[in-house]
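Novice: Pasting in a structure now, in structure tokens, and then I'll have a few things to ask.
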Amino acid sequence: MNHLIVAPVVLPAIIAALTLLLRWRRWFGAAISLVGCAALLLIASALFARACSGAISVYALGQWPAPFGIVLVLDRLSALMLLLTSILAIIVLCHAVVTRLDRKGWHFHPLFQFLLVGLNGAFLTGDLFNLFVFFEVLLIASYGLMLHGQGARRLKAGVQYVVINLVGSTLFLIGIGVLYGVTGTLNMAHMAGRIAGLPAGDQGLAGAGGLLVATVFALKAALLPLHLWLPRTYADTSPAVAALFAIMTKVGAYALIRVTTLVFGADAGGLAWLPARWMLPASLATLSAGFVGLLSARGLREQAAFGLIGSTGTLLVAVSLFEPRAMAAALYYLPHTTLAGALLFLVADLVARRRPDYGDAITIGPRFANIEGISALYMLAAIALAGMPPLSGFIGKLLILEAATAHPAAGWIWATILGTTLIAIVGLARAGSTLFWKSSTCAEAVRPTPAGVEIKELLPSIALVILMATLVVGAGPVTAFCDGVSAQLFAPRTYIEAVLGTSVAR
């Protein structure tokens, strides 16, 4: 059973190789990619069930023990992220296959699977250098996926995306180099013990390295003012690819949570909660900028991109408090914001496919096929992204507001979250009425596609709505699990002893 921990990294790599070698049979590539994602979902579910007990499992590659070898670590947080990634991956892949997006280039499925290798590896790795390696794997795959389907706008946005992330990768290497020079290790559990025992003269250098690493994580999470790359990148790529990219901002959030609670937690002395000093104001600014940008967006994909920034800002507001109740609220909201952002991108794709003359621009145009079904999905996506009942965003925001009540900046947090929720409602309602209500008054109609194709295209989006409804129906068990994840994060000694062994950790 312990070997199952490495499967989320190895399986997509094998599937990627198979789809690359047999790319001349496109139907085979799609079939094996779907089978691989289904198997990955089963594996992630088994690992999630294993982690629910609270046990932390460690897999030492090549049987080299930590801190000398590479280790993969499964705890509640990493299991949650693996499950969320596998669910989103199979839904987005079904949409891409049904809409034939995967046939617009030769290498969609290998790149898709390599992206999963990077994501799963980032969530499982136990040391900073391999976190950098898996970041690079997922970034290289994301470069290719972003350019899939070609186009001048996509190429221009891709160059910007590459340059920004190359700068981020350079800063990441410098940061982990500084931390290694000070602590003599890159294993995060080992580094946590070394940071706690640093002499006063070395704490400044360790703090500088930690801030460099945290800045890179903030760049990945699109935290203001490092968010400017995201709107153009996500708006100009294929909507289905952008839907999968909704999980990529959460990689940055995950890394901030993992490194801060483990390495720079309460036992780090003068370096305790290092990013917290700037994260809260930056998160509030990100939340505001995201939903104000949504209000002024001129297209559905641009609207979805700004909405993703705003909802990620909401998530990071809760994370930046670095308090158990707030962290549990953030962990409940994390799956919701990922699924809601992905849903709006998929709906934007459905709209664009039925309005070829108008793309996804928010303009009055001809009535398009299956307007009732797509408009209902848009309404649900808008409710989810704004955080309104009856979907899970409302519960997530309510938990965050409740957790922030005792914080000194509670007034700012409440005012910003409630104010931006109103802005999001106005922006999404304006776009929906323009796209669906006003267009329905036009006499001209687009000839509908066959009903069977319509149903297949709608199913992935419907699945995302069902998942968010499930978060509401199962809010009790889900919040209890999130409380358990938060408790595990704020008791890092268990993680450290699981990785290093009791005698070494002490």
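If you're wondering about the labels, chains in the structure tokens are A, B, ... by order shown, residues count from 1 in each chain, ligands from 1 in order shown.
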Please report as JSON lines every residue of stretch 258-322 of chain A lying within 12 Å of stretch 176-179 of chain A, along with the nearest atom pair and their distance in Å (one decimal), using only C-alpha atoms.

Specialist:
```
{"residue": "A:Val259", "atom": "CA", "partner": "A:Ile176", "partner_atom": "CA", "distance": 11.8}
{"residue": "A:Val263", "atom": "CA", "partner": "A:Leu179", "partner_atom": "CA", "distance": 10.8}
{"residue": "A:Phe264", "atom": "CA", "partner": "A:Leu179", "partner_atom": "CA", "distance": 11.9}
```

Novice: Take the residues that were just selected and, keeping C-alpha atoms, output them as a PDB file, in the first residue's frame.

Specialist:
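Just written: result-v6.pdb:
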```
ATOM      1  CA  VAL A 259       6.260  26.056   3.916  1.00  0.00           C
ATOM      2  CA  VAL A 263       9.319  25.742   8.276  1.00  0.00           C
ATOM      3  CA  PHE A 264       8.324  29.202   9.521  1.00  0.00           C
TER       4      PHE A 264
END
```

Novice: Using backbone DSSP assignments, extract all helix (DSSP H, G or I) residues from stretch 102-226 of chain A; output them as a ChimeraX atom specification.

Specialist: /A:102-104,108-124,128-147,152-183,188-196,200-220

Novice: The selected residues should be written to file as a compact mmCIF listing (two decimals), in the first residue's frame (atoms: C-alpha atoms).

Specialist:
```txt
# COMPACT_ATOMS: atom_id res chain seq x y z
CA ASP A 102 -7.56 17.83 -28.10
CA ARG A 103 -7.53 17.46 -31.91
CA LYS A 104 -6.33 21.00 -32.59
CA PHE A 108 -2.45 17.81 -26.08
CA HIS A 109 -2.65 14.53 -24.14
CA PRO A 110 1.10 14.15 -23.37
CA LEU A 111 1.21 17.76 -22.15
CA PHE A 112 -1.97 17.26 -20.12
CA GLN A 113 -0.48 14.23 -18.38
CA PHE A 114 2.90 15.88 -17.76
CA LEU A 115 1.04 18.78 -16.15
CA LEU A 116 -0.53 16.25 -13.77
CA VAL A 117 2.95 14.87 -13.01
CA GLY A 118 4.09 18.34 -11.94
CA LEU A 119 0.96 19.09 -9.93
CA ASN A 120 0.89 15.80 -8.05
CA GLY A 121 4.64 15.90 -7.42
CA ALA A 122 4.41 19.43 -6.01
CA PHE A 123 1.70 18.33 -3.58
CA LEU A 124 3.61 15.23 -2.42
CA LEU A 128 12.18 22.43 -1.50
CA PHE A 129 14.45 21.54 -4.40
CA ASN A 130 12.09 18.89 -5.69
CA LEU A 131 9.24 21.36 -5.27
CA PHE A 132 11.23 23.54 -7.69
CA VAL A 133 11.68 20.57 -10.05
CA PHE A 134 7.97 19.76 -10.09
CA PHE A 135 7.16 23.45 -10.57
CA GLU A 136 9.30 23.39 -13.69
CA VAL A 137 7.64 20.22 -14.98
CA LEU A 138 4.16 21.68 -14.66
CA LEU A 139 5.27 25.04 -16.07
CA ILE A 140 6.85 23.49 -19.17
CA ALA A 141 3.69 21.45 -19.76
CA SER A 142 1.52 24.53 -19.19
CA TYR A 143 3.54 26.47 -21.80
CA GLY A 144 2.64 23.86 -24.41
CA LEU A 145 -1.01 23.62 -23.34
CA MET A 146 -1.38 27.37 -23.42
CA LEU A 147 -0.18 27.53 -27.04
CA ALA A 152 -1.20 35.35 -32.49
CA ARG A 153 -2.83 36.52 -29.24
CA ARG A 154 -2.10 33.18 -27.61
CA LEU A 155 1.55 33.31 -28.68
CA LYS A 156 1.98 36.87 -27.35
CA ALA A 157 0.43 35.96 -23.99
CA GLY A 158 2.54 32.79 -23.93
CA VAL A 159 5.79 34.73 -24.31
CA GLN A 160 4.78 36.98 -21.42
CA TYR A 161 3.87 33.93 -19.33
CA VAL A 162 7.21 32.25 -20.06
CA VAL A 163 9.29 35.34 -19.24
CA ILE A 164 7.52 35.99 -15.94
CA ASN A 165 7.82 32.39 -14.82
CA LEU A 166 11.50 32.23 -15.81
CA VAL A 167 12.09 35.20 -13.53
CA GLY A 168 10.12 33.43 -10.81
CA SER A 169 12.14 30.25 -11.25
CA THR A 170 15.38 32.20 -10.95
CA LEU A 171 14.23 33.84 -7.72
CA PHE A 172 13.13 30.45 -6.41
CA LEU A 173 16.57 28.97 -7.02
CA ILE A 174 18.25 31.92 -5.32
CA GLY A 175 15.89 31.64 -2.36
CA ILE A 176 16.40 27.92 -1.78
CA GLY A 177 20.14 28.40 -2.31
CA VAL A 178 20.20 30.96 0.50
CA LEU A 179 18.15 28.69 2.76
CA TYR A 180 20.44 25.75 2.00
CA GLY A 181 23.51 27.87 2.74
CA VAL A 182 22.11 28.83 6.14
CA THR A 183 20.50 25.55 7.22
CA MET A 188 11.44 20.82 4.71
CA ALA A 189 11.04 18.77 7.89
CA HIS A 190 14.80 18.93 8.54
CA MET A 191 14.88 22.63 7.68
CA ALA A 192 12.13 23.32 10.23
CA GLY A 193 14.37 22.02 13.02
CA ARG A 194 17.41 23.92 11.73
CA ILE A 195 15.49 27.22 11.42
CA ALA A 196 14.29 26.94 15.00
CA ALA A 200 20.61 35.41 15.81
CA GLY A 201 23.26 36.38 13.26
CA ASP A 202 21.90 33.95 10.66
CA GLN A 203 18.21 34.72 11.07
CA GLY A 204 18.31 37.75 8.80
CA LEU A 205 19.78 35.74 5.92
CA ALA A 206 17.29 32.91 6.48
CA GLY A 207 14.49 35.45 6.52
CA ALA A 208 15.67 36.90 3.21
CA GLY A 209 15.70 33.43 1.63
CA GLY A 210 12.29 32.65 3.06
CA LEU A 211 10.83 35.89 1.70
CA LEU A 212 12.27 35.19 -1.76
CA VAL A 213 10.65 31.76 -1.77
CA ALA A 214 7.36 33.17 -0.46
CA THR A 215 7.42 35.84 -3.18
CA VAL A 216 7.66 33.12 -5.84
CA PHE A 217 4.71 31.30 -4.26
CA ALA A 218 2.78 34.58 -4.27
CA LEU A 219 3.59 34.93 -7.99
CA LYS A 220 2.20 31.43 -8.64
```

Novice: Figure out the distance between atom CA of A:Ala276 and atom CA of A:Leu256, please, to one decimal in Å.

Specialist: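 Calculated distance between atom CA of A:Leu256 and atom CA of A:Ala276 is 10.2 Å.
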
Novice: Quick one: everything within 6 Å of stretch 285-302 of chain A, counting only C-alpha atoms, minus sequence neighbours fewer than 5 positions away in the same chain. Send it as a PyMOL selection string.

Specialist: chain A and resi 223-224+235+307+309-310+313-314+348+360-362+420+424+427

Novice: Tell me which protein, DNA and RNA residues are within 9 Å of A:Ala243, counting only C-alpha atoms, leaving out same-chain ones fewer than 4 positions away, and put them as an MDAnalysis selection string.

Specialist: chainID A and resid 88 92 234 238:239 247 338:339 341:346

Novice: In terms of the shortest atom-to-atom distance over only C-alpha atoms, which of A:Phe481, A:Trp414, A:Phe490, A:Trp64 is closest to A:Ile400?

Specialist: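 Of A:Phe481, A:Trp414, A:Phe490, A:Trp64, the one nearest A:Ile400 is A:Trp414, counting only C-alpha atoms.
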
Novice: Name the residues in contact with A:Lys250 at a cut-off of 8 Å, using only C-alpha atoms, excluding same-chain residues fewer than 3 positions from it; report them as a list in words.

Specialist: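 Within the cut-off, the hits are Ala221, Ala246, Ile247, Ala253, Tyr254, Thr312, Leu334 and Thr338 of chain A.
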
Novice: Restricting the calculation to only C-alpha atoms, which member of A:Ala376, A:Gly29, A:Leu47, A:Gly126 is positioned closest to A:Ile70?

Specialist: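 Using only C-alpha atoms, the shortest distance to A:Ile70 belongs to A:Gly126.
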
Novice: Of the residues A:Leu284, A:Ile43, A:Ala240, A:Ala272, which is the one nearest to A:Ser461, using only C-alpha atoms?

Specialist: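 Going through A:Leu284, A:Ile43, A:Ala240, A:Ala272 one by one, the smallest distance to A:Ser461 is for A:Ala240.
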
Novice: Hey, can you check how far atom CA of A:Ala475 sits from atom CA of A:His336?

Specialist: 11.8 Å

Novice: Of the residues A:Leu226, A:Pro281, A:Trp273, A:Ile5, which is the one nearest to A:Ala409, using only C-alpha atoms?

Specialist: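 For A:Ala409, the nearest of the given residues is A:Pro281.
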
Novice: What separation in Å, quoted to one decimal, exists between atom CA of A:Ala318 and atom CA of A:Glu402?

Specialist: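 One can read the atom CA of A:Ala318 to atom CA of A:Glu402 distance as 10.4 Å.
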
Novice: Which residues come within 9 Å of A:His95, counting only C-alpha atoms, excluding same-chain residues fewer than 4 positions away, as an MDAnalysis selection string?

Specialist: chainID A and resid 90:91 99:101 240 346 456:461

Novice: Fewer than 5 positions away in the same chain doesn't count, so skip those; otherwise give me all residues within 12 Å of A:Phe28, counting only C-alpha atoms, as a list in words.

Specialist: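 Surrounding residues, per the criterion: Ile15, Leu18, Thr19, Leu20, Leu21, Leu22, Arg23, Ser33, Leu34, Val35, Gly36, Val97, Asp102, Arg103 and His109 of chain A.
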